[in-house]
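*Asks:* Below is the file work_12.cif, which contains mmCIF, C-alpha atoms.
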```cif
data_target
#
loop_
_atom_site.group_PDB
_atom_site.id
_atom_site.type_symbol
_atom_site.label_atom_id
_atom_site.label_comp_id
_atom_site.auth_asym_id
_atom_site.auth_seq_id
_atom_site.Cartn_x
_atom_site.Cartn_y
_atom_site.Cartn_z
ATOM 1 C CA MET A 1 0.000 0.000 0.000
ATOM 2 C CA SER A 2 2.867 2.392 0.667
ATOM 3 C CA SER A 3 4.083 2.095 -2.942
ATOM 4 C CA LEU A 4 0.577 2.589 -4.330
ATOM 5 C CA THR A 5 0.015 5.610 -2.091
ATOM 6 C CA ALA A 6 3.355 7.112 -3.132
ATOM 7 C CA LEU A 7 2.271 6.755 -6.764
ATOM 8 C CA VAL A 8 -1.121 8.385 -6.089
ATOM 9 C CA LEU A 9 0.488 11.315 -4.262
ATOM 10 C CA ALA A 10 3.057 11.676 -7.057
ATOM 11 C CA VAL A 11 0.231 11.950 -9.606
ATOM 12 C CA PHE A 12 -1.431 14.734 -7.592
ATOM 13 C CA VAL A 13 1.866 16.588 -7.151
ATOM 14 C CA GLY A 14 2.742 16.120 -10.829
ATOM 15 C CA TYR A 15 -0.638 17.454 -11.953
ATOM 16 C CA GLY A 16 -0.302 20.453 -9.637
ATOM 17 C CA GLY A 17 3.214 21.165 -10.881
ATOM 18 C CA ALA A 18 2.203 20.879 -14.543
ATOM 19 C CA TRP A 19 -0.722 23.219 -13.868
ATOM 20 C CA TYR A 20 1.508 25.736 -12.069
ATOM 21 C CA PHE A 21 3.996 25.856 -14.947
ATOM 22 C CA GLY A 22 1.252 26.121 -17.565
ATOM 23 C CA MET A 23 1.818 22.690 -19.089
ATOM 24 C CA VAL A 24 -1.823 21.632 -18.561
ATOM 25 C CA GLU A 25 -5.101 23.484 -18.056
ATOM 26 C CA GLY A 26 -5.970 22.957 -14.410
ATOM 27 C CA ASN A 27 -9.361 22.418 -12.819
ATOM 28 C CA PHE A 28 -9.184 23.045 -9.082
ATOM 29 C CA SER A 29 -12.764 21.922 -8.441
ATOM 30 C CA LEU A 30 -12.053 18.565 -10.069
ATOM 31 C CA LEU A 31 -8.722 18.243 -8.260
ATOM 32 C CA LEU A 32 -10.350 18.949 -4.890
ATOM 33 C CA PHE A 33 -13.174 16.512 -5.629
ATOM 34 C CA LEU A 34 -10.716 13.734 -6.530
ATOM 35 C CA ALA A 35 -8.625 14.478 -3.433
ATOM 36 C CA THR A 36 -11.784 14.220 -1.303
ATOM 37 C CA VAL A 37 -12.738 10.880 -2.861
ATOM 38 C CA VAL A 38 -9.247 9.363 -2.599
ATOM 39 C CA THR A 39 -8.586 10.478 0.979
ATOM 40 C CA GLY A 40 -12.142 9.444 1.898
ATOM 41 C CA LEU A 41 -11.491 5.901 0.674
ATOM 42 C CA TYR A 42 -8.298 5.762 2.731
ATOM 43 C CA TRP A 43 -10.176 7.148 5.754
ATOM 44 C CA LEU A 44 -12.820 4.419 5.453
ATOM 45 C CA ALA A 45 -10.118 1.757 5.036
ATOM 46 C CA GLU A 46 -8.315 3.111 8.101
ATOM 47 C CA LYS A 47 -11.471 3.238 10.223
ATOM 48 C CA PHE A 48 -12.854 -0.189 9.330
ATOM 49 C CA TYR A 49 -9.766 -2.221 8.433
ATOM 50 C CA PHE A 50 -6.292 -0.882 9.198
ATOM 51 C CA TRP A 51 -7.035 0.606 12.644
ATOM 52 C CA PRO A 52 -8.890 -2.495 13.913
ATOM 53 C CA GLN A 53 -6.057 -4.617 12.526
ATOM 54 C CA ARG A 54 -3.447 -2.598 14.427
ATOM 55 C CA ARG A 55 -5.535 -2.755 17.609
ATOM 56 C CA ARG A 56 -5.803 -6.529 17.314
ATOM 57 C CA ALA A 57 -2.034 -6.772 16.848
ATOM 58 C CA ALA A 58 -1.447 -4.593 19.929
ATOM 59 C CA ALA A 59 -3.974 -6.633 21.952
ATOM 60 C CA SER A 60 -2.321 -9.863 20.818
ATOM 61 C CA LEU A 61 1.069 -8.559 21.946
ATOM 62 C CA GLU A 62 -0.355 -7.648 25.348
ATOM 63 C CA ALA A 63 -2.001 -11.067 25.634
ATOM 64 C CA GLN A 64 1.291 -12.787 24.839
ATOM 65 C CA ALA A 65 3.077 -10.649 27.418
ATOM 66 C CA ALA A 66 0.413 -11.446 30.031
ATOM 67 C CA GLN A 67 0.686 -15.190 29.285
ATOM 68 C CA ARG A 68 4.470 -15.006 29.648
ATOM 69 C CA ARG A 69 4.149 -13.225 33.008
ATOM 70 C CA ALA A 70 1.698 -15.863 34.195
ATOM 71 C CA GLU A 71 4.027 -18.692 33.165
ATOM 72 C CA LEU A 72 6.952 -17.045 34.941
ATOM 73 C CA ALA A 73 4.824 -16.496 38.051
ATOM 74 C CA THR A 74 4.158 -20.255 38.274
ATOM 75 C CA GLN A 75 7.916 -20.644 38.443
ATOM 76 C CA GLY A 76 8.139 -18.123 41.266
ATOM 77 C CA ILE A 77 9.460 -15.328 39.089
ATOM 78 C CA ASN A 78 7.463 -12.212 39.802
ATOM 79 C CA GLN A 79 9.904 -9.475 38.816
ATOM 80 C CA VAL A 80 9.509 -9.248 35.037
ATOM 81 C CA ASP A 81 10.417 -6.359 32.786
ATOM 82 C CA ASN A 82 7.186 -5.055 31.254
ATOM 83 C CA ASN A 83 8.417 -3.257 28.140
ATOM 84 C CA THR A 84 5.487 -3.919 25.809
ATOM 85 C CA GLY A 85 4.194 -0.341 26.002
ATOM 86 C CA GLU A 86 6.643 1.019 23.456
ATOM 87 C CA ALA A 87 6.074 -1.924 21.130
ATOM 88 C CA GLN A 88 2.297 -1.473 21.371
ATOM 89 C CA ALA A 89 2.634 2.231 20.595
ATOM 90 C CA ARG A 90 4.631 1.393 17.465
ATOM 91 C CA LEU A 91 1.991 -1.127 16.392
ATOM 92 C CA LEU A 92 -0.808 1.418 16.884
ATOM 93 C CA MET A 93 1.046 4.224 15.107
ATOM 94 C CA GLN A 94 -0.463 5.303 11.803
ATOM 95 C CA PRO A 95 1.972 4.684 8.912
ATOM 96 C CA TRP A 96 3.046 7.649 6.789
ATOM 97 C CA TRP A 97 0.909 6.665 3.815
ATOM 98 C CA LEU A 98 -2.243 6.753 5.977
ATOM 99 C CA ASP A 99 -1.150 9.918 7.731
ATOM 100 C CA TRP A 100 -0.919 11.701 4.351
ATOM 101 C CA THR A 101 -4.261 10.377 3.107
ATOM 102 C CA ALA A 102 -6.759 9.345 5.781
ATOM 103 C CA GLY A 103 -5.244 11.894 8.159
ATOM 104 C CA LEU A 104 -5.928 14.737 5.726
ATOM 105 C CA PHE A 105 -9.475 13.676 4.845
ATOM 106 C CA PRO A 106 -11.308 15.681 7.577
ATOM 107 C CA VAL A 107 -9.589 18.895 6.497
ATOM 108 C CA ILE A 108 -10.045 18.265 2.775
ATOM 109 C CA VAL A 109 -13.726 17.343 3.067
ATOM 110 C CA VAL A 110 -14.475 20.499 5.103
ATOM 111 C CA VAL A 111 -12.709 22.666 2.491
ATOM 112 C CA PHE A 112 -14.529 20.841 -0.303
ATOM 113 C CA LEU A 113 -17.968 21.348 1.266
ATOM 114 C CA LEU A 114 -17.349 24.993 2.165
ATOM 115 C CA ARG A 115 -15.948 25.830 -1.257
ATOM 116 C CA SER A 116 -18.556 23.878 -3.205
ATOM 117 C CA PHE A 117 -21.741 24.897 -1.409
ATOM 118 C CA LEU A 118 -21.087 27.950 0.783
ATOM 119 C CA PHE A 119 -18.245 30.377 0.052
ATOM 120 C CA GLU A 120 -15.367 30.330 -2.397
ATOM 121 C CA PRO A 121 -12.374 32.705 -2.342
ATOM 122 C CA PHE A 122 -11.152 34.406 -5.512
ATOM 123 C CA LYS A 123 -8.346 36.817 -6.339
ATOM 124 C CA ILE A 124 -8.999 39.715 -8.729
ATOM 125 C CA PRO A 125 -6.372 39.396 -11.497
ATOM 126 C CA SER A 126 -7.232 42.375 -13.721
ATOM 127 C CA GLY A 127 -8.563 45.916 -13.626
ATOM 128 C CA SER A 128 -11.826 45.338 -15.511
ATOM 129 C CA MET A 129 -13.910 45.965 -12.364
ATOM 130 C CA ILE A 130 -12.077 49.102 -11.172
ATOM 131 C CA PRO A 131 -13.111 51.081 -9.127
ATOM 132 C CA THR A 132 -15.358 48.503 -7.417
ATOM 133 C CA LEU A 133 -12.650 45.839 -7.306
ATOM 134 C CA LEU A 134 -8.918 46.428 -7.604
ATOM 135 C CA VAL A 135 -6.154 44.141 -8.782
ATOM 136 C CA GLY A 136 -5.081 42.010 -5.810
ATOM 137 C CA ASP A 137 -8.401 42.138 -3.967
ATOM 138 C CA LEU A 138 -9.177 38.800 -2.320
ATOM 139 C CA ILE A 139 -12.915 38.317 -2.395
ATOM 140 C CA LEU A 140 -15.530 35.873 -1.137
ATOM 141 C CA VAL A 141 -18.258 34.542 -3.396
ATOM 142 C CA ASN A 142 -21.584 33.284 -2.064
ATOM 143 C CA LYS A 143 -22.067 29.915 -3.801
ATOM 144 C CA PHE A 144 -25.676 29.320 -2.696
ATOM 145 C CA HIS A 145 -27.153 32.782 -3.344
ATOM 146 C CA TYR A 146 -28.257 31.823 -6.861
ATOM 147 C CA GLY A 147 -29.040 28.214 -5.954
ATOM 148 C CA VAL A 148 -27.173 25.095 -4.895
ATOM 149 C CA ARG A 149 -25.099 23.474 -7.632
ATOM 150 C CA LEU A 150 -23.249 20.194 -7.788
ATOM 151 C CA PRO A 151 -19.467 20.659 -7.746
ATOM 152 C CA VAL A 152 -17.397 20.067 -10.896
ATOM 153 C CA ILE A 153 -20.415 19.692 -13.240
ATOM 154 C CA ASN A 154 -22.072 22.898 -11.916
ATOM 155 C CA THR A 155 -25.604 21.500 -12.308
ATOM 156 C CA LYS A 156 -28.216 23.337 -10.215
ATOM 157 C CA VAL A 157 -30.125 21.053 -7.835
ATOM 158 C CA LEU A 158 -31.862 23.685 -5.685
ATOM 159 C CA ASP A 159 -33.169 27.123 -6.661
ATOM 160 C CA ASN A 160 -32.629 30.225 -4.554
ATOM 161 C CA ASN A 161 -32.413 33.839 -5.754
ATOM 162 C CA SER A 162 -32.273 34.925 -9.378
ATOM 163 C CA PRO A 163 -29.522 37.317 -10.539
ATOM 164 C CA GLN A 164 -30.561 40.958 -10.365
ATOM 165 C CA ARG A 165 -29.346 43.975 -12.287
ATOM 166 C CA GLY A 166 -26.412 45.503 -10.450
ATOM 167 C CA ASP A 167 -25.177 42.219 -8.893
ATOM 168 C CA VAL A 168 -21.452 41.516 -9.079
ATOM 169 C CA MET A 169 -21.355 37.932 -10.291
ATOM 170 C CA VAL A 170 -18.675 35.294 -10.829
ATOM 171 C CA PHE A 171 -19.304 32.976 -13.757
ATOM 172 C CA ARG A 172 -17.582 30.563 -16.074
ATOM 173 C CA TYR A 173 -16.221 32.423 -19.076
ATOM 174 C CA PRO A 174 -18.412 31.234 -21.991
ATOM 175 C CA PRO A 175 -15.639 30.923 -24.612
ATOM 176 C CA LYS A 176 -13.502 28.967 -22.111
ATOM 177 C CA PRO A 177 -15.552 27.590 -19.179
ATOM 178 C CA SER A 178 -12.460 26.465 -17.267
ATOM 179 C CA LEU A 179 -11.822 30.156 -16.497
ATOM 180 C CA ASP A 180 -13.782 32.149 -13.922
ATOM 181 C CA TYR A 181 -14.720 35.745 -14.753
ATOM 182 C CA ILE A 182 -16.264 38.474 -12.633
ATOM 183 C CA LYS A 183 -18.474 41.258 -14.013
ATOM 184 C CA ARG A 184 -21.630 43.169 -13.136
ATOM 185 C CA VAL A 185 -25.081 42.030 -14.263
ATOM 186 C CA VAL A 186 -26.610 44.742 -16.441
ATOM 187 C CA GLY A 187 -29.132 42.758 -18.487
ATOM 188 C CA LEU A 188 -31.580 40.015 -17.496
ATOM 189 C CA PRO A 189 -33.350 37.521 -19.795
ATOM 190 C CA GLY A 190 -35.710 39.447 -22.066
ATOM 191 C CA ASP A 191 -34.051 42.843 -21.502
ATOM 192 C CA GLU A 192 -32.915 45.065 -24.334
ATOM 193 C CA VAL A 193 -29.535 46.469 -23.319
ATOM 194 C CA ALA A 194 -28.074 49.414 -25.234
ATOM 195 C CA TYR A 195 -24.608 50.844 -24.613
ATOM 196 C CA LEU A 196 -24.446 53.820 -26.958
ATOM 197 C CA ASN A 197 -22.040 56.738 -26.673
ATOM 198 C CA LYS A 198 -20.988 55.320 -23.294
ATOM 199 C CA THR A 199 -24.489 55.553 -21.832
ATOM 200 C CA LEU A 200 -26.181 52.378 -20.605
ATOM 201 C CA THR A 201 -29.868 51.996 -21.364
ATOM 202 C CA VAL A 202 -32.059 49.075 -20.282
ATOM 203 C CA ASN A 203 -35.452 48.582 -21.949
ATOM 204 C CA GLY A 204 -35.351 52.105 -23.342
ATOM 205 C CA LYS A 205 -34.590 53.791 -20.006
ATOM 206 C CA PRO A 206 -31.120 55.343 -19.527
ATOM 207 C CA LEU A 207 -29.631 54.491 -16.149
ATOM 208 C CA SER A 208 -28.950 57.359 -13.778
ATOM 209 C CA LYS A 209 -25.316 58.433 -14.154
ATOM 210 C CA VAL A 210 -23.881 61.122 -11.864
ATOM 211 C CA ALA A 211 -20.357 62.526 -12.238
ATOM 212 C CA LEU A 212 -18.002 62.053 -9.275
ATOM 213 C CA ALA A 213 -14.477 63.242 -8.559
ATOM 214 C CA ASP A 214 -11.897 61.764 -10.918
ATOM 215 C CA PHE A 215 -10.501 58.385 -9.892
ATOM 216 C CA PHE A 216 -6.714 58.051 -9.561
ATOM 217 C CA ASP A 217 -5.495 54.668 -10.784
ATOM 218 C CA GLU A 218 -2.397 53.977 -8.701
ATOM 219 C CA ASP A 219 -1.241 51.177 -11.013
ATOM 220 C CA ALA A 220 -1.559 53.204 -14.226
ATOM 221 C CA LEU A 221 -0.626 56.462 -12.445
ATOM 222 C CA ARG A 222 -3.365 58.415 -14.181
ATOM 223 C CA TYR A 223 -6.789 59.869 -13.526
ATOM 224 C CA ALA A 224 -10.025 58.554 -15.051
ATOM 225 C CA LYS A 225 -13.512 60.016 -15.222
ATOM 226 C CA GLN A 226 -15.634 58.472 -12.478
ATOM 227 C CA PHE A 227 -19.415 58.222 -12.273
ATOM 228 C CA GLN A 228 -22.061 56.769 -10.011
ATOM 229 C CA GLU A 229 -24.580 54.622 -11.866
ATOM 230 C CA THR A 230 -27.836 53.309 -10.421
ATOM 231 C CA SER A 231 -29.526 50.152 -11.639
ATOM 232 C CA ALA A 232 -32.614 48.609 -10.022
ATOM 233 C CA GLY A 233 -32.001 50.660 -6.888
ATOM 234 C CA LYS A 234 -28.336 49.658 -6.598
ATOM 235 C CA SER A 235 -25.689 52.360 -6.892
ATOM 236 C CA TYR A 236 -22.072 51.678 -7.801
ATOM 237 C CA ARG A 237 -19.130 53.519 -9.300
ATOM 238 C CA LEU A 238 -17.768 53.128 -12.818
ATOM 239 C CA LEU A 239 -15.015 54.605 -14.973
ATOM 240 C CA ASN A 240 -15.069 56.005 -18.484
ATOM 241 C CA ASP A 241 -12.084 56.835 -20.659
ATOM 242 C CA LEU A 242 -13.131 59.808 -22.767
ATOM 243 C CA ASP A 243 -10.260 59.197 -25.183
ATOM 244 C CA ARG A 244 -11.609 55.767 -26.170
ATOM 245 C CA PRO A 245 -14.091 55.590 -29.069
ATOM 246 C CA ALA A 246 -17.635 54.410 -28.368
ATOM 247 C CA PHE A 247 -17.747 51.640 -30.986
ATOM 248 C CA ILE A 248 -16.981 48.028 -30.029
ATOM 249 C CA ALA A 249 -13.947 46.793 -31.918
ATOM 250 C CA GLY A 250 -13.305 43.082 -32.476
ATOM 251 C CA ALA A 251 -16.507 41.476 -31.197
ATOM 252 C CA ASP A 252 -16.448 37.673 -31.426
ATOM 253 C CA ASP A 253 -18.874 35.412 -33.261
ATOM 254 C CA PHE A 254 -20.805 34.182 -30.205
ATOM 255 C CA PRO A 255 -24.128 32.320 -29.697
ATOM 256 C CA TYR A 256 -27.157 34.594 -30.259
ATOM 257 C CA ARG A 257 -24.965 37.223 -31.897
ATOM 258 C CA GLN A 258 -27.934 37.922 -34.187
ATOM 259 C CA ASN A 259 -29.582 39.475 -31.098
ATOM 260 C CA CYS A 260 -26.997 42.289 -31.154
ATOM 261 C CA ARG A 261 -26.654 45.304 -33.436
ATOM 262 C CA TYR A 262 -23.259 46.984 -33.613
ATOM 263 C CA SER A 263 -22.688 50.530 -34.803
ATOM 264 C CA SER A 264 -20.169 53.346 -34.487
ATOM 265 C CA GLU A 265 -22.051 54.437 -31.340
ATOM 266 C CA GLY A 266 -21.802 51.107 -29.540
ATOM 267 C CA VAL A 267 -24.085 48.069 -29.320
ATOM 268 C CA VAL A 268 -27.726 47.132 -28.686
ATOM 269 C CA CYS A 269 -28.550 43.568 -27.584
ATOM 270 C CA LYS A 270 -31.735 41.677 -26.814
ATOM 271 C CA VAL A 271 -30.878 39.238 -23.996
ATOM 272 C CA PRO A 272 -32.127 35.697 -24.786
ATOM 273 C CA GLU A 273 -34.014 33.589 -22.258
ATOM 274 C CA GLY A 274 -31.706 31.862 -19.788
ATOM 275 C CA GLN A 275 -28.869 34.303 -20.561
ATOM 276 C CA TYR A 276 -27.364 37.394 -18.902
ATOM 277 C CA PHE A 277 -25.552 40.469 -20.198
ATOM 278 C CA MET A 278 -22.450 41.339 -18.175
ATOM 279 C CA MET A 279 -20.235 44.426 -18.139
ATOM 280 C CA GLY A 280 -17.163 45.520 -16.199
ATOM 281 C CA ASP A 281 -17.259 48.717 -14.161
ATOM 282 C CA ASN A 282 -14.097 49.875 -15.914
ATOM 283 C CA ARG A 283 -16.242 50.339 -18.999
ATOM 284 C CA ASP A 284 -13.543 51.141 -21.562
ATOM 285 C CA ASN A 285 -11.100 48.534 -20.261
ATOM 286 C CA SER A 286 -13.252 45.441 -19.935
ATOM 287 C CA LEU A 287 -13.735 42.465 -22.247
ATOM 288 C CA ASP A 288 -17.312 41.558 -21.449
ATOM 289 C CA SER A 289 -20.643 40.662 -23.061
ATOM 290 C CA ARG A 290 -20.154 43.424 -25.611
ATOM 291 C CA TYR A 291 -17.291 41.382 -27.063
ATOM 292 C CA TRP A 292 -17.927 37.681 -26.318
ATOM 293 C CA GLY A 293 -21.664 37.512 -25.782
ATOM 294 C CA PHE A 294 -24.138 36.367 -23.169
ATOM 295 C CA VAL A 295 -23.589 34.293 -20.015
ATOM 296 C CA PRO A 296 -25.808 31.169 -19.812
ATOM 297 C CA GLU A 297 -27.512 30.446 -16.510
ATOM 298 C CA LYS A 298 -25.589 27.159 -16.267
ATOM 299 C CA ASN A 299 -22.287 29.114 -16.137
ATOM 300 C CA ILE A 300 -23.159 31.009 -12.947
ATOM 301 C CA VAL A 301 -20.773 30.387 -10.038
ATOM 302 C CA GLY A 302 -21.981 32.794 -7.356
ATOM 303 C CA LYS A 303 -22.429 36.338 -6.096
ATOM 304 C CA ALA A 304 -19.364 38.323 -5.003
ATOM 305 C CA PHE A 305 -20.160 40.040 -1.717
ATOM 306 C CA PHE A 306 -17.045 40.782 0.354
ATOM 307 C CA VAL A 307 -13.392 41.826 0.000
ATOM 308 C CA TRP A 308 -11.682 39.975 2.835
ATOM 309 C CA MET A 309 -8.101 41.087 2.142
ATOM 310 C CA ASN A 310 -5.831 43.162 -0.048
ATOM 311 C CA PHE A 311 -2.261 42.948 1.168
ATOM 312 C CA GLY A 312 -1.417 46.226 -0.521
ATOM 313 C CA SER A 313 -4.277 48.147 1.125
ATOM 314 C CA LEU A 314 -6.088 46.901 4.214
ATOM 315 C CA LYS A 315 -8.714 49.632 3.849
ATOM 316 C CA ARG A 316 -10.064 47.660 0.886
ATOM 317 C CA ILE A 317 -11.645 45.126 3.293
ATOM 318 C CA GLY A 318 -15.408 45.420 3.257
ATOM 319 C CA LYS A 319 -18.697 44.784 1.491
ATOM 320 C CA ILE A 320 -18.842 44.835 -2.307
ATOM 321 C CA ASP A 321 -21.380 47.296 -3.738
#
```
Here is a file; write its structure as structure tokens.
*Replies:*
Amino acid sequence: MSSLTALVLAVFVGYGGAWYFGMVEGNFSLLLFLATVVTGLYWLAEKFYFWPQRRRAAASLEAQAAQRRAELATQGINQVDNNTGEAQARLLMQPWWLDWTAGLFPVIVVVFLLRSFLFEPFKIPSGSMIPTLLVGDLILVNKFHYGVRLPVINTKVLDNNSPQRGDVMVFRYPPKPSLDYIKRVVGLPGDEVAYLNKTLTVNGKPLSKVALADFFDEDALRYAKQFQETSAGKSYRLLNDLDRPAFIAGADDFPYRQNCRYSSEGVVCKVPEGQYFMMGDNRDNSLDSRYWGFVPEKNIVGKAFFVWMNFGSLKRIGKID
């Protein structure tokens, strides 16, 4: 079993290393699921086979020692070294290959359940959601807000809330579902979303947009025009780059593209049933639904709700608007 376990652990380490160095496309949900299954099997084997076997061996050793003491006592020898304690401890000790599998199962299964059904941590890698989320923000995503989904296959098994306009949502990137993206929901199924001349309109009604003080981007070392937009009663900040043209350059050929009309002023899209239109708050620096299309309901991961850490700025900790 030690050789087999060493091989299993080597496969996990090799996969992780290949993923880290970009040699394979990793899937952490699948990796965690497999780790839970493998360590769970070892835990069951330890509980119902290996541990009872070691206890029987330790009990047998004690019985042999007791029989030897009894035999010596019949011969009048009562002073006998009783050194079976150390030997019993060695027999009861969990071998390394169980320590690194069955011993880790309780921790792994708790992480798996928390991450799959309750809260999942993410790190913001790009500036597409500035000023709401900055590069390096560590956020928590509520995995059950939009319904309970099975891990790995992401199939919904229990309904909860539906996405609302203004929600900051994590989802599987439609062109490459192995990647997780984060954007703001601006269009629901059936909505007509227009982004023309940098003004967002939903079902013919322009969203309220109030100018704020310019935002200083510490990474780019420049100022950007900042506004407060209100959608369905939710207010949040966004950025516009006045030097960028309004038209959408390089839109992909995505499903339901016929629902969108592109012009020099921007784009107008009718959101299909079961789909959502997403945009970044950094409006002129975000690859979003304007470029790659709609997000299917099956791609939803969860609702982003809290920044729990940014090592470059602790004041970033707090609720996500």
*Asks:* Can you pull out the residues contacting A:Thr132? Cut-off 9 Å, using only C-alpha atoms, and skip same-chain residues under 3 positions away; I want them as a list in words.
*Replies:*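 The contact residues come out as Met129, Tyr236, Arg237, Leu238, Asp281, Asn282, Ile320 and Asp321 of chain A.
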*Asks:* A:Thr230, A:Ser128, A:Ser178, A:Ser313: which is nearest A:Asp284, counting all atoms listed in the file?
*Replies:*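 Under the stated criterion, the closest residue is A:Ser128.
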*Asks:* Pick out the residues sitting within 7 Å of A:Pro296, and hand them over as a count of residues only; count all atoms listed in the file, and ignore anything fewer than 5 positions along from it in its own chain.
*Replies:* 3
*Asks:* Could you tell me, as number ranges by chain, which residues have any atom at most 10 Å from (-12.4, 47.4, -20.6), counting all atoms listed in the file?
*Replies:* A: 126-130, 239-241, 279-288
*Asks:* What is the distance, in Å and to one decimal place, between atom CA of A:Val307 and atom CA of A:Leu133?
*Replies:* 8.4 Å
*Asks:* Output as CSV one row per residue of stretch 59-141 of chain A within 12 Å of stretch 29-44 of chain A: the closest atom pair and its distance in Å to one decimal place, counting only C-alpha atoms, sorted by chain and residue number ascending.
*Replies:*
```
residue,atom,partner,partner_atom,distance
A:Gln94,CA,A:Trp43,CA,11.6
A:Trp97,CA,A:Tyr42,CA,9.3
A:Leu98,CA,A:Tyr42,CA,6.9
A:Asp99,CA,A:Trp43,CA,9.6
A:Trp100,CA,A:Thr39,CA,8.5
A:Thr101,CA,A:Thr39,CA,4.8
A:Ala102,CA,A:Trp43,CA,4.1
A:Gly103,CA,A:Trp43,CA,7.3
A:Leu104,CA,A:Thr39,CA,6.9
A:Phe105,CA,A:Thr39,CA,5.1
A:Pro106,CA,A:Gly40,CA,8.5
A:Val107,CA,A:Thr36,CA,9.4
A:Ile108,CA,A:Thr36,CA,6.0
A:Val109,CA,A:Thr36,CA,5.7
A:Val110,CA,A:Thr36,CA,9.4
A:Val111,CA,A:Leu32,CA,8.6
A:Phe112,CA,A:Leu32,CA,6.5
A:Leu113,CA,A:Phe33,CA,9.7
A:Leu114,CA,A:Leu32,CA,11.6
A:Arg115,CA,A:Ser29,CA,8.8
A:Ser116,CA,A:Ser29,CA,8.0
A:Phe117,CA,A:Ser29,CA,11.8
A:Glu120,CA,A:Ser29,CA,10.7
```
*Asks:* Written as a list in words, what is the full residue list that the PyMOL selection byres ((chain A and resi 258-267) around 6) yields on the file shown?
*Replies:* Ala194, Tyr195, Leu196, Asn197, Ala246, Phe247, Ile248, Tyr256, Arg257, Val268, Cys269 and Lys270 of chain A
*Asks:* If the PyMOL selection byres ((chain A and resi 135-139) around 12) were run on this exact file, what residues would it hold? Put them as a ChimeraX atom specification.
*Replies:* /A:119-134,140-142,168-170,182,217-220,302-320
*Asks:* How many Å separate atom CA of A:Leu242 from atom CA of A:Lys198?
*Replies:*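 Value for the atom CA of A:Leu242-atom CA of A:Lys198 distance: 9.1 Å.
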